[in-house]
Amino acid sequence: MQKLFANPYLLLTLTVLFWSGNMVVGRGARADIPPLAFAFWRWMIAFVLIAPLAYPHLKTQWPLLKRGWKTLLVLGILGVGGYNTFAYLALQNTTATNAALLNSFVPIATIAISWAFLGKHLRRREAIGVLVSLLGALTIVSRGDPLVLAHLNLNIGDVWMLVAVLDWAIYTVALAWRPAGVHPMLMLGSTVAIGLTALGPAYAWELWQGRQIHVNLTSLSALAYVGVFPSFVGYIFYNKGVADVGANKASLFIHLMPVFGTLLSFLFLGEIPLWFHYLGIGLIFSGIWLTMKR
């Protein structure tokens with residue numbers, strides 16, 4: 001089991017599975033949980049889980065944290081305070097189709113930023129793989145009809161999703177500068193603490209606006225899921241995956257979100273996959289195989 005979870009590609013795949021569930025839950029619970037409350041309590045739950053595992057390393061590694069505080073500040077604000085908050089704001093107004101489409105551009109944005117700031121280039125095979133997997137994601141989102149993409153109408157929710165895409169791409173690239181030698185759990189705990197500090201005033205403003213959580217089984221279950229799997233487990237897996245394979249390859253796994261979205265819809269909503277789902281899934285896995293193949 002330990003060998004299995006040392007595989008970065010498995011960790012990245014599981015991460016995207018958890019995050020796909022996060023999008024489904026975020027859209028489904030939007031009537032019961034306002035977006036800033038969703039983001040704040042998601043990370044508060046994660047912090048409660050992380051803190052006991054991070055604290056034992058704090059005393060010995062505090063000097064390393066102090067030395068890398070600037071990077072930690074950026075990672076906390078972007079990865080914890082930013083991306084999911086923007087995504088929850090987006091899901092208040094945009095359709096699941098638009099959100100999935102825009103989220104598919106995370107790998108492209110990550111590659112562009114890596115090229116601009118780190119000078120990293122994709123080999124020809126890797127570039128083809130990225131394009132093939134993107135084509136697969138677009139096939140699923142457009143339901144096999146290019147005209148669907150041509151007639152997508154952008155609204156304020158789509159703008160928030162574009163901000164989320166840019167935010168996550170920068171976060172992924174910025175992981176390259178994370179403080180060396182810091183235990184992964186301590187680094188995650190530190191970034192979550194920073195993100196919660198940034199989210200606090202925004203959440204207070206939302207409460208002042210009179211927007212509160214409707215406490216019921218749906219809202220409590222949604223918060224429990226997003227606090228444990230996408231936040232606690234998912235971020236540990238993603239940070240480890242990026243450390244092992246690099247930002248460009250790790251971000252490519254975001255293209256699996258439409259795949260898992262299709263599977264989750266089938267399992268929980270009874271929606272039967274159609275031909276374009278199978279075609280899109282085949283293209284996505286082909287693209288990932290081309291990019292990963294040595």
# chains A, B, ... in the order shown; residues from 1 in each chain; ligands from 1
call {"tool": "residues_around", "arguments": {"residues": "Ala193 (chain A)", "least_positions_apart": "6", "cutoff": "10 Å", "atoms": "only C-alpha atoms", "output": "list in words"}}
result
Trp43, Met44, Phe47, Ala51, Leu73, Gly76, Ile77, Val80, Gly81, Met187 and Leu199 of chain A
call {"tool": "closest_residue", "arguments": {"among": "A:Lys59, A:Arg211, A:Arg30, A:Arg67", "to": "Thr94 (chain A)", "atoms": "only C-alpha atoms"}}
result
A:Arg30
call {"tool": "closest_residue", "arguments": {"among": "A:Tyr83, A:Trp177, A:Trp205, A:Tyr225", "to": "Trp41 (chain A)", "atoms": "only C-alpha atoms"}}
result
A:Tyr225
call {"tool": "closest_residue", "arguments": {"among": "A:Leu91, A:Leu10, A:Leu188, A:Asp145", "to": "Ala54 (chain A)", "atoms": "only C-alpha atoms"}}
result
A:Leu188
call {"tool": "atom_distance", "arguments": {"atom1": "CA of Tyr278 (chain A)", "atom2": "CA of Gly136 (chain A)"}}
result
9.4 Å
call {"tool": "atom_distance", "arguments": {"atom1": "CA of Tyr238 (chain A)", "atom2": "CA of Ala6 (chain A)"}}
result
12.1 Å
call {"tool": "closest_atom_pairs", "arguments": {"of": "region 42-153 of chain A", "to": "region 250-262 of chain A", "cutoff": "7 Å", "atoms": "only C-alpha atoms", "output": "tab-separated table"}}
result
residue	atom	partner	partner_atom	distance
A:Ala100	CA	A:Pro258	CA	6.5
A:Ser104	CA	A:His255	CA	5.6
A:Val106	CA	A:Ser251	CA	6.7
A:Pro107	CA	A:Ser251	CA	4.9
A:Thr110	CA	A:Ser251	CA	6.9
A:Val130	CA	A:Leu252	CA	6.8
A:Ser133	CA	A:His255	CA	6.5
A:Leu134	CA	A:His255	CA	6.6
A:Ala137	CA	A:His255	CA	5.9
A:Ile140	CA	A:Pro258	CA	6.6
call {"tool": "residues_around", "arguments": {"residues": "Ala31 (chain A)", "least_positions_apart": "5", "cutoff": "12 Å", "atoms": "only C-alpha atoms", "output": "list in words"}}
result
Val25, Gly26, Ala37, Phe38, Tyr88, Leu91, Gln92, Asn93, Arg211, Gln212, Ile213, His214, Val215, Asn216, Thr218, Ser219 and Ala222 of chain A
call {"tool": "closest_atom_pairs", "arguments": {"of": "region 64-136 of chain A", "to": "region 167-176 of chain A", "cutoff": "9 Å", "atoms": "only C-alpha atoms", "output": "JSON lines"}}
result
{"residue": "A:Thr71", "atom": "CA", "partner": "A:Ala174", "partner_atom": "CA", "distance": 7.6}
{"residue": "A:Val74", "atom": "CA", "partner": "A:Tyr171", "partner_atom": "CA", "distance": 7.8}
{"residue": "A:Leu75", "atom": "CA", "partner": "A:Tyr171", "partner_atom": "CA", "distance": 6.0}
{"residue": "A:Gly76", "atom": "CA", "partner": "A:Tyr171", "partner_atom": "CA", "distance": 8.9}
{"residue": "A:Leu78", "atom": "CA", "partner": "A:Tyr171", "partner_atom": "CA", "distance": 5.9}
{"residue": "A:Gly79", "atom": "CA", "partner": "A:Tyr171", "partner_atom": "CA", "distance": 5.8}
{"residue": "A:Gly82", "atom": "CA", "partner": "A:Asp167", "partner_atom": "CA", "distance": 6.7}
{"residue": "A:Tyr83", "atom": "CA", "partner": "A:Asp167", "partner_atom": "CA", "distance": 5.8}
{"residue": "A:Phe86", "atom": "CA", "partner": "A:Asp167", "partner_atom": "CA", "distance": 8.8}
{"residue": "A:Val106", "atom": "CA", "partner": "A:Ala169", "partner_atom": "CA", "distance": 5.9}
{"residue": "A:Pro107", "atom": "CA", "partner": "A:Ala169", "partner_atom": "CA", "distance": 7.3}
{"residue": "A:Ile108", "atom": "CA", "partner": "A:Ala169", "partner_atom": "CA", "distance": 8.6}
{"residue": "A:Ala109", "atom": "CA", "partner": "A:Ala169", "partner_atom": "CA", "distance": 5.8}
{"residue": "A:Thr110", "atom": "CA", "partner": "A:Ala169", "partner_atom": "CA", "distance": 4.5}
{"residue": "A:Ile111", "atom": "CA", "partner": "A:Ala169", "partner_atom": "CA", "distance": 8.3}
{"residue": "A:Ile113", "atom": "CA", "partner": "A:Ile170", "partner_atom": "CA", "distance": 7.1}
{"residue": "A:Ser114", "atom": "CA", "partner": "A:Val173", "partner_atom": "CA", "distance": 6.3}
{"residue": "A:Phe117", "atom": "CA", "partner": "A:Val173", "partner_atom": "CA", "distance": 8.9}
{"residue": "A:Leu118", "atom": "CA", "partner": "A:Val173", "partner_atom": "CA", "distance": 8.6}
call {"tool": "write_last_selection", "arguments": {"atoms": "N, CA and C atoms", "output": "PDB file, in the first residue's frame"}}
result
ATOM      1  N   THR A  71       7.171  33.015   0.228  1.00  0.00           N
ATOM      2  CA  THR A  71       6.584  31.970  -0.621  1.00  0.00           C
ATOM      3  C   THR A  71       5.342  31.388   0.041  1.00  0.00           C
ATOM      4  N   VAL A  74       2.365  33.634  -0.410  1.00  0.00           N
ATOM      5  CA  VAL A  74       1.791  33.528  -1.760  1.00  0.00           C
ATOM      6  C   VAL A  74       0.994  32.234  -1.909  1.00  0.00           C
ATOM      7  N   LEU A  75       1.576  31.116  -1.458  1.00  0.00           N
ATOM      8  CA  LEU A  75       0.903  29.822  -1.579  1.00  0.00           C
ATOM      9  C   LEU A  75      -0.384  29.791  -0.760  1.00  0.00           C
ATOM     10  N   GLY A  76      -0.370  30.371   0.427  1.00  0.00           N
ATOM     11  CA  GLY A  76      -1.560  30.380   1.273  1.00  0.00           C
ATOM     12  C   GLY A  76      -2.682  31.208   0.690  1.00  0.00           C
ATOM     13  N   LEU A  78      -3.048  32.140  -2.527  1.00  0.00           N
ATOM     14  CA  LEU A  78      -3.518  31.613  -3.813  1.00  0.00           C
ATOM     15  C   LEU A  78      -4.204  30.256  -3.671  1.00  0.00           C
ATOM     16  N   GLY A  79      -3.516  29.308  -3.035  1.00  0.00           N
ATOM     17  CA  GLY A  79      -4.008  27.937  -3.013  1.00  0.00           C
ATOM     18  C   GLY A  79      -5.155  27.706  -2.059  1.00  0.00           C
ATOM     19  N   GLY A  82      -7.636  31.668  -2.334  1.00  0.00           N
ATOM     20  CA  GLY A  82      -8.096  32.105  -3.644  1.00  0.00           C
ATOM     21  C   GLY A  82      -8.907  31.132  -4.462  1.00  0.00           C
ATOM     22  N   TYR A  83      -8.273  30.034  -4.918  1.00  0.00           N
ATOM     23  CA  TYR A  83      -8.879  29.213  -5.967  1.00  0.00           C
ATOM     24  C   TYR A  83     -10.295  28.749  -5.646  1.00  0.00           C
ATOM     25  N   PHE A  86     -12.920  31.529  -5.443  1.00  0.00           N
ATOM     26  CA  PHE A  86     -13.333  31.997  -6.773  1.00  0.00           C
ATOM     27  C   PHE A  86     -14.226  30.966  -7.465  1.00  0.00           C
ATOM     28  N   VAL A 106      -6.596  25.145 -17.197  1.00  0.00           N
ATOM     29  CA  VAL A 106      -5.554  25.226 -16.164  1.00  0.00           C
ATOM     30  C   VAL A 106      -4.198  24.727 -16.679  1.00  0.00           C
ATOM     31  N   PRO A 107      -4.115  23.544 -17.329  1.00  0.00           N
ATOM     32  CA  PRO A 107      -2.801  23.093 -17.813  1.00  0.00           C
ATOM     33  C   PRO A 107      -2.169  24.064 -18.803  1.00  0.00           C
ATOM     34  N   ILE A 108      -2.985  24.641 -19.691  1.00  0.00           N
ATOM     35  CA  ILE A 108      -2.443  25.583 -20.670  1.00  0.00           C
ATOM     36  C   ILE A 108      -1.877  26.817 -19.963  1.00  0.00           C
ATOM     37  N   ALA A 109      -2.631  27.340 -18.978  1.00  0.00           N
ATOM     38  CA  ALA A 109      -2.169  28.513 -18.228  1.00  0.00           C
ATOM     39  C   ALA A 109      -0.904  28.182 -17.442  1.00  0.00           C
ATOM     40  N   THR A 110      -0.850  26.984 -16.863  1.00  0.00           N
ATOM     41  CA  THR A 110       0.324  26.578 -16.085  1.00  0.00           C
ATOM     42  C   THR A 110       1.558  26.480 -16.972  1.00  0.00           C
ATOM     43  N   ILE A 111       1.392  25.875 -18.138  1.00  0.00           N
ATOM     44  CA  ILE A 111       2.513  25.736 -19.075  1.00  0.00           C
ATOM     45  C   ILE A 111       3.003  27.110 -19.530  1.00  0.00           C
ATOM     46  N   ILE A 113       2.777  29.998 -17.929  1.00  0.00           N
ATOM     47  CA  ILE A 113       3.460  30.687 -16.827  1.00  0.00           C
ATOM     48  C   ILE A 113       4.819  30.049 -16.566  1.00  0.00           C
ATOM     49  N   SER A 114       4.896  28.709 -16.659  1.00  0.00           N
ATOM     50  CA  SER A 114       6.186  28.020 -16.481  1.00  0.00           C
ATOM     51  C   SER A 114       7.181  28.461 -17.547  1.00  0.00           C
ATOM     52  N   PHE A 117       8.160  32.354 -16.755  1.00  0.00           N
ATOM     53  CA  PHE A 117       8.912  32.690 -15.543  1.00  0.00           C
ATOM     54  C   PHE A 117      10.004  31.684 -15.188  1.00  0.00           C
ATOM     55  N   LEU A 118       9.889  30.455 -15.661  1.00  0.00           N
ATOM     56  CA  LEU A 118      10.887  29.443 -15.330  1.00  0.00           C
ATOM     57  C   LEU A 118      11.668  28.982 -16.550  1.00  0.00           C
TER      58      LEU A 118
END
call {"tool": "select_by_dssp", "arguments": {"residues": "region 25-167 of chain A", "states": "alpha helix (DSSP H)", "output": "ChimeraX atom specification"}}
result
/A:25-28,35-67,69-75,83-91,96-103,106-118,124-141,146-150,156-167
call {"tool": "decode", "arguments": {"residues": "region 183-198 of chain A", "atoms": "all heavy atoms", "output": "PDB file, in the first residue's frame"}}
result
ATOM      1  N   HIS A 183       8.534  19.928   6.504  1.00  0.00           N
ATOM      2  CA  HIS A 183       7.683  18.748   6.422  1.00  0.00           C
ATOM      3  C   HIS A 183       6.393  19.089   5.670  1.00  0.00           C
ATOM      4  O   HIS A 183       5.807  20.161   5.895  1.00  0.00           O
ATOM      5  CB  HIS A 183       7.346  18.253   7.835  1.00  0.00           C
ATOM      6  CG  HIS A 183       6.687  16.913   7.857  1.00  0.00           C
ATOM      7  ND1 HIS A 183       5.325  16.756   7.686  1.00  0.00           N
ATOM      8  CD2 HIS A 183       7.198  15.662   8.026  1.00  0.00           C
ATOM      9  CE1 HIS A 183       5.021  15.469   7.755  1.00  0.00           C
ATOM     10  NE2 HIS A 183       6.132  14.786   7.948  1.00  0.00           N
ATOM     11  N   PRO A 184       5.934  18.207   4.753  1.00  0.00           N
ATOM     12  CA  PRO A 184       4.731  18.517   3.953  1.00  0.00           C
ATOM     13  C   PRO A 184       3.514  18.894   4.795  1.00  0.00           C
ATOM     14  O   PRO A 184       2.747  19.784   4.416  1.00  0.00           O
ATOM     15  CB  PRO A 184       4.486  17.216   3.185  1.00  0.00           C
ATOM     16  CG  PRO A 184       5.819  16.552   3.119  1.00  0.00           C
ATOM     17  CD  PRO A 184       6.532  16.923   4.378  1.00  0.00           C
ATOM     18  N   MET A 185       3.337  18.248   5.946  1.00  0.00           N
ATOM     19  CA  MET A 185       2.171  18.558   6.774  1.00  0.00           C
ATOM     20  C   MET A 185       2.300  19.935   7.403  1.00  0.00           C
ATOM     21  O   MET A 185       1.318  20.673   7.520  1.00  0.00           O
ATOM     22  CB  MET A 185       2.002  17.490   7.858  1.00  0.00           C
ATOM     23  CG  MET A 185       0.603  17.414   8.427  1.00  0.00           C
ATOM     24  SD  MET A 185      -0.632  17.005   7.186  1.00  0.00           S
ATOM     25  CE  MET A 185      -0.156  15.350   6.743  1.00  0.00           C
ATOM     26  N   LEU A 186       3.499  20.317   7.795  1.00  0.00           N
ATOM     27  CA  LEU A 186       3.715  21.644   8.360  1.00  0.00           C
ATOM     28  C   LEU A 186       3.523  22.715   7.301  1.00  0.00           C
ATOM     29  O   LEU A 186       2.939  23.770   7.577  1.00  0.00           O
ATOM     30  CB  LEU A 186       5.123  21.735   8.954  1.00  0.00           C
ATOM     31  CG  LEU A 186       5.498  23.096   9.560  1.00  0.00           C
ATOM     32  CD1 LEU A 186       4.532  23.498  10.667  1.00  0.00           C
ATOM     33  CD2 LEU A 186       6.938  23.066  10.083  1.00  0.00           C
ATOM     34  N   MET A 187       3.997  22.445   6.073  1.00  0.00           N
ATOM     35  CA  MET A 187       3.815  23.420   5.012  1.00  0.00           C
ATOM     36  C   MET A 187       2.332  23.606   4.692  1.00  0.00           C
ATOM     37  O   MET A 187       1.852  24.727   4.522  1.00  0.00           O
ATOM     38  CB  MET A 187       4.569  22.996   3.753  1.00  0.00           C
ATOM     39  CG  MET A 187       4.673  24.129   2.740  1.00  0.00           C
ATOM     40  SD  MET A 187       5.429  23.651   1.172  1.00  0.00           S
ATOM     41  CE  MET A 187       4.025  22.990   0.308  1.00  0.00           C
ATOM     42  N   LEU A 188       1.601  22.485   4.634  1.00  0.00           N
ATOM     43  CA  LEU A 188       0.171  22.584   4.363  1.00  0.00           C
ATOM     44  C   LEU A 188      -0.536  23.323   5.486  1.00  0.00           C
ATOM     45  O   LEU A 188      -1.384  24.186   5.237  1.00  0.00           O
ATOM     46  CB  LEU A 188      -0.416  21.181   4.182  1.00  0.00           C
ATOM     47  CG  LEU A 188      -1.909  21.107   3.840  1.00  0.00           C
ATOM     48  CD1 LEU A 188      -2.211  21.854   2.547  1.00  0.00           C
ATOM     49  CD2 LEU A 188      -2.366  19.653   3.738  1.00  0.00           C
ATOM     50  N   GLY A 189      -0.190  22.996   6.736  1.00  0.00           N
ATOM     51  CA  GLY A 189      -0.812  23.691   7.864  1.00  0.00           C
ATOM     52  C   GLY A 189      -0.536  25.183   7.839  1.00  0.00           C
ATOM     53  O   GLY A 189      -1.424  25.993   8.137  1.00  0.00           O
ATOM     54  N   SER A 190       0.676  25.551   7.475  1.00  0.00           N
ATOM     55  CA  SER A 190       1.044  26.968   7.410  1.00  0.00           C
ATOM     56  C   SER A 190       0.261  27.696   6.332  1.00  0.00           C
ATOM     57  O   SER A 190      -0.255  28.804   6.550  1.00  0.00           O
ATOM     58  CB  SER A 190       2.549  27.103   7.144  1.00  0.00           C
ATOM     59  OG  SER A 190       3.301  26.441   8.124  1.00  0.00           O
ATOM     60  N   THR A 191       0.150  27.082   5.138  1.00  0.00           N
ATOM     61  CA  THR A 191      -0.575  27.741   4.051  1.00  0.00           C
ATOM     62  C   THR A 191      -2.072  27.823   4.358  1.00  0.00           C
ATOM     63  O   THR A 191      -2.720  28.817   4.011  1.00  0.00           O
ATOM     64  CB  THR A 191      -0.353  27.006   2.722  1.00  0.00           C
ATOM     65  OG1 THR A 191      -0.713  25.624   2.858  1.00  0.00           O
ATOM     66  CG2 THR A 191       1.098  27.097   2.278  1.00  0.00           C
ATOM     67  N   VAL A 192      -2.615  26.801   5.026  1.00  0.00           N
ATOM     68  CA  VAL A 192      -4.035  26.847   5.398  1.00  0.00           C
ATOM     69  C   VAL A 192      -4.276  27.958   6.417  1.00  0.00           C
ATOM     70  O   VAL A 192      -5.268  28.693   6.332  1.00  0.00           O
ATOM     71  CB  VAL A 192      -4.511  25.483   5.940  1.00  0.00           C
ATOM     72  CG1 VAL A 192      -5.910  25.596   6.543  1.00  0.00           C
ATOM     73  CG2 VAL A 192      -4.513  24.445   4.824  1.00  0.00           C
ATOM     74  N   ALA A 193      -3.375  28.101   7.396  1.00  0.00           N
ATOM     75  CA  ALA A 193      -3.511  29.169   8.389  1.00  0.00           C
ATOM     76  C   ALA A 193      -3.480  30.537   7.719  1.00  0.00           C
ATOM     77  O   ALA A 193      -4.275  31.436   8.053  1.00  0.00           O
ATOM     78  CB  ALA A 193      -2.401  29.052   9.429  1.00  0.00           C
ATOM     79  N   ILE A 194      -2.584  30.701   6.755  1.00  0.00           N
ATOM     80  CA  ILE A 194      -2.499  31.975   6.027  1.00  0.00           C
ATOM     81  C   ILE A 194      -3.775  32.209   5.212  1.00  0.00           C
ATOM     82  O   ILE A 194      -4.329  33.305   5.199  1.00  0.00           O
ATOM     83  CB  ILE A 194      -1.262  31.973   5.108  1.00  0.00           C
ATOM     84  CG1 ILE A 194       0.013  32.004   5.945  1.00  0.00           C
ATOM     85  CG2 ILE A 194      -1.292  33.158   4.137  1.00  0.00           C
ATOM     86  CD1 ILE A 194       1.280  31.710   5.163  1.00  0.00           C
ATOM     87  N   GLY A 195      -4.241  31.154   4.528  1.00  0.00           N
ATOM     88  CA  GLY A 195      -5.454  31.286   3.726  1.00  0.00           C
ATOM     89  C   GLY A 195      -6.671  31.627   4.572  1.00  0.00           C
ATOM     90  O   GLY A 195      -7.503  32.455   4.182  1.00  0.00           O
ATOM     91  N   LEU A 196      -6.788  31.006   5.740  1.00  0.00           N
ATOM     92  CA  LEU A 196      -7.920  31.301   6.633  1.00  0.00           C
ATOM     93  C   LEU A 196      -7.862  32.738   7.127  1.00  0.00           C
ATOM     94  O   LEU A 196      -8.896  33.407   7.256  1.00  0.00           O
ATOM     95  CB  LEU A 196      -7.900  30.339   7.825  1.00  0.00           C
ATOM     96  CG  LEU A 196      -8.504  28.956   7.586  1.00  0.00           C
ATOM     97  CD1 LEU A 196      -8.214  28.041   8.773  1.00  0.00           C
ATOM     98  CD2 LEU A 196     -10.012  29.058   7.347  1.00  0.00           C
ATOM     99  N   THR A 197      -6.657  33.218   7.399  1.00  0.00           N
ATOM    100  CA  THR A 197      -6.497  34.610   7.826  1.00  0.00           C
ATOM    101  C   THR A 197      -6.971  35.568   6.731  1.00  0.00           C
ATOM    102  O   THR A 197      -7.606  36.588   7.011  1.00  0.00           O
ATOM    103  CB  THR A 197      -5.025  34.889   8.179  1.00  0.00           C
ATOM    104  OG1 THR A 197      -4.602  33.969   9.195  1.00  0.00           O
ATOM    105  CG2 THR A 197      -4.845  36.305   8.678  1.00  0.00           C
ATOM    106  N   ALA A 198      -6.660  35.223   5.478  1.00  0.00           N
ATOM    107  CA  ALA A 198      -7.100  36.057   4.356  1.00  0.00           C
ATOM    108  C   ALA A 198      -8.607  35.961   4.143  1.00  0.00           C
ATOM    109  O   ALA A 198      -9.262  36.941   3.783  1.00  0.00           O
ATOM    110  CB  ALA A 198      -6.354  35.642   3.083  1.00  0.00           C
TER     111      ALA A 198
END
